[in-house]
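Comments concern the structure below.
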Amino acid sequence: MAGKILIIGASGQIGTELSLKLREIHGNEHVIASDIREGKAELMNSGPFEVADATNTEQIGRIVEKYNISEVYLMAAMLSATAEKAPMKAWNLNMDSLFNVLNLAKDKKIEKVFWPSSIAVFGPTTPKDATPQNTIMEPSTVYGISKQTGERWCEYFHRIYGVDVRSIRYPGIISYRTLPGGGTTDYAIEIFHEAVKNGAYTSFLSENTSLPMMYMEDAIKATIDIMEAPSEKIKIRSAYNLSAMSFTPKELAEEIKKQLPEFSILYEPDFRQRIADSWPSSIDDSRAREDWGWKHNCDLQSLVKEMLEGVGNS
């Protein structure tokens, strides 16, 4: 790798853990973390950090030049539930930040781009079970609309300008290290904190809402794997389906009860239920597995064990 790596949105849920993992692999000084606000002490103390607005073309351009950046991971975004409360703000953040990075790559200022898409690109008309790579989308949230639009622009910049951009459609991501950031799958993180602290949880999704989920370590692994794969193996330049497991709040609660028998759960669905109902129940990610060798490590049982241990010790 000729230049250094820049993570934009490094203080967020995925950005924090991705930054630390990349620093572990490449060395602290080779990975520049950046966000509009400073992150946790562990992130701030581990290597260079630049406060910058992902939508500010000049600020991002200066950082790229200052550190001789060759790869950018653009993790800044306003997530599904938060975006519904501020639609235009979410659209501007999610799209302007992407154009800033794609244009840097088009102008040969950087060599490679990672941009995360999401299962939010799918909508109520999408086949819900084993959702195929190519299918009807019609997203019904601001977040989903911005992600679907972003996918089309990534594919366009690759086809027209030869930009080496890579993307995956993240399912719900679960971690004990960073608090959730306003997504519809956040219940699957909150439930562990409440189970350990109070022995009870009230879910904002109904008991039988099945959604695709993934442990953070697998999400980080997939992100780095797709970026390290030879360019010719990346056949899809919009975004790859990605999956590990699917479960409902009820199934998750039952698995937690095996470890904490006194745990109890109630269900009070709110506005996020409508968003969850528009998303797939399970994902067919066979193209990612075939093209660049994706495979997950963590299933529901190991997820619950890791999360309860992690939350209990934090």
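Chains: A, B, ... in order of the structure tokens. Residues: from 1 per chain. Ligands: from 1, in order shown.
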As a PDB file with N, CA and C atoms, in the first residue's frame, please: the residues near A:Trp294 (cut-off 7 Å, only C-alpha atoms, same-chain neighbours under 3 positions excluded).
ATOM      1  N   ALA A 222     -15.630  -8.522   7.028  1.00  0.00           N
ATOM      2  CA  ALA A 222     -16.147  -8.391   5.658  1.00  0.00           C
ATOM      3  C   ALA A 222     -15.652  -7.105   5.002  1.00  0.00           C
ATOM      4  N   ALA A 288     -21.284 -12.693  -2.688  1.00  0.00           N
ATOM      5  CA  ALA A 288     -20.126 -12.272  -1.890  1.00  0.00           C
ATOM      6  C   ALA A 288     -19.280 -13.489  -1.519  1.00  0.00           C
ATOM      7  N   ARG A 289     -19.932 -14.588  -1.223  1.00  0.00           N
ATOM      8  CA  ARG A 289     -19.215 -15.811  -0.848  1.00  0.00           C
ATOM      9  C   ARG A 289     -18.462 -16.383  -2.053  1.00  0.00           C
TER      10      ARG A 289
END
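Contact shell of A:Trp91 at 12 Å (only C-alpha atoms; same-chain neighbours under 2 positions omitted): Thr55, Ala77, Met78, Leu79, Ser80, Thr82, Ala83, Glu84, Lys85, Ala86, Pro87, Met88, Lys89, Leu93, Asn94, Met95, Asp96, Ser97, Leu98, Thr141, Val142, Tyr143, Gly144, Ile145, Ser146, Lys147, Gln148, Thr149 and Gly150 of chain A.
Atom pair atom CA of A:Ala200 / atom CA of A:Leu266: separated by 8.0 Å.
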**Request:** Extract, using only C-alpha atoms, all DNA, RNA and protein residues at most 6 Å from stretch 7-15 of chain A, discarding same-chain residues fewer than 2 positions from it, and format them as a PyMOL selection string.
**Result:** chain A and resi 17-19+33-35+39+72-76+178
Based on the selection just made, write N, CA and C atoms of those residues as a tab-separated table (two decimals), in the first residue's frame.
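Saved as again23.tsv:
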chain	number	residue	atom	x	y	z
A	17	GLU	N	-14.50	0.73	15.70
A	17	GLU	CA	-13.88	-0.61	15.73
A	17	GLU	C	-13.09	-0.89	14.45
A	18	LEU	N	-13.56	-0.36	13.33
A	18	LEU	CA	-12.83	-0.52	12.07
A	18	LEU	C	-11.47	0.19	12.16
A	19	SER	N	-11.46	1.40	12.71
A	19	SER	CA	-10.21	2.16	12.85
A	19	SER	C	-9.19	1.40	13.69
A	33	ALA	N	-7.83	8.58	11.52
A	33	ALA	CA	-9.24	8.60	11.88
A	33	ALA	C	-9.76	10.04	11.78
A	34	SER	N	-11.03	10.18	11.36
A	34	SER	CA	-11.61	11.52	11.21
A	34	SER	C	-13.11	11.47	11.50
A	35	ASP	N	-13.61	12.52	12.11
A	35	ASP	CA	-15.06	12.63	12.35
A	35	ASP	C	-15.35	14.09	12.69
A	39	GLY	N	-13.71	11.00	19.22
A	39	GLY	CA	-14.27	9.71	19.60
A	39	GLY	C	-13.87	9.30	21.01
A	72	VAL	N	-9.83	5.31	1.24
A	72	VAL	CA	-10.79	5.96	2.13
A	72	VAL	C	-11.93	4.99	2.45
A	73	TYR	N	-12.22	4.88	3.74
A	73	TYR	CA	-13.42	4.18	4.21
A	73	TYR	C	-14.40	5.27	4.66
A	74	LEU	N	-15.48	5.45	3.93
A	74	LEU	CA	-16.45	6.50	4.25
A	74	LEU	C	-17.57	5.91	5.12
A	75	MET	N	-17.44	6.04	6.43
A	75	MET	CA	-18.41	5.44	7.36
A	75	MET	C	-19.41	6.46	7.92
A	76	ALA	N	-19.27	7.72	7.55
A	76	ALA	CA	-20.19	8.76	8.06
A	76	ALA	C	-21.56	8.61	7.40
A	178	THR	N	-19.39	-0.12	21.33
A	178	THR	CA	-19.86	1.22	21.00
A	178	THR	C	-21.38	1.24	21.08
**Length of the atom CA of A:Ile60 to atom CA of A:Tyr170 vector [Å]** = 24.6 Å
**Atomic separation - atom CA of A:Glu268 relative to atom CA of A:Glu251, Å** = 16.4 Å
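Proximity to A:Thr16 was assessed for A:Thr57, A:Ser140, A:Ser175, A:Ser246 counting only C-alpha atoms; the smallest distance is recorded for A:Ser175.
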**Asked** If you run DSSP on the backbone, which residues of stretch 13-250 of chain A are strand (DSSP E), as a ChimeraX atom specification?
**Response** /A:31-35,49-51,69-74,112-114,117-118,164-166,168-170,172-174,200-203,211-215,240-241,245-247
Contacts between stretch 105-123 of chain A and stretch 252-278 of chain A, please, where a residue of stretch 252-278 of chain A counts if it comes within 10 Å (with only C-alpha atoms); show its shortest atom pair and distance in Å to one decimal, rows by chain and ascending number, as a Markdown table.
| residue | atom | partner | partner_atom | distance |
| --- | --- | --- | --- | --- |
| A:Ile275 | CA | A:Ala120 | CA | 8.6 |
| A:Ala276 | CA | A:Ala120 | CA | 9.0 |
| A:Asp277 | CA | A:Gly123 | CA | 8.6 |
| A:Ser278 | CA | A:Gly123 | CA | 4.9 |
Written file, previous selection with N, CA and C atoms, as an mmCIF file, in the first residue's frame:
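As a result, selection20.cif now contains:
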data_model
loop_
_atom_site.group_PDB
_atom_site.id
_atom_site.type_symbol
_atom_site.label_atom_id
_atom_site.label_comp_id
_atom_site.auth_asym_id
_atom_site.auth_seq_id
_atom_site.Cartn_x
_atom_site.Cartn_y
_atom_site.Cartn_z
ATOM 1 N N ILE A 275 -40.521 0.660 9.770
ATOM 2 C CA ILE A 275 -39.273 0.554 8.999
ATOM 3 C C ILE A 275 -38.841 -0.907 8.912
ATOM 4 N N ALA A 276 -38.843 -1.595 10.053
ATOM 5 C CA ALA A 276 -38.424 -3.006 10.084
ATOM 6 C C ALA A 276 -39.303 -3.874 9.189
ATOM 7 N N ASP A 277 -40.607 -3.579 9.154
ATOM 8 C CA ASP A 277 -41.533 -4.367 8.329
ATOM 9 C C ASP A 277 -41.247 -4.234 6.834
ATOM 10 N N SER A 278 -40.538 -3.156 6.457
ATOM 11 C CA SER A 278 -40.244 -2.943 5.035
ATOM 12 C C SER A 278 -38.943 -3.626 4.607
#
**Distance query stretch 223-231 of chain A at most 8 Å, only C-alpha atoms, self and fewer than 4 positions along chain excluded, as a ChimeraX atom specification** = /A:114,164,166-168,219,292,294
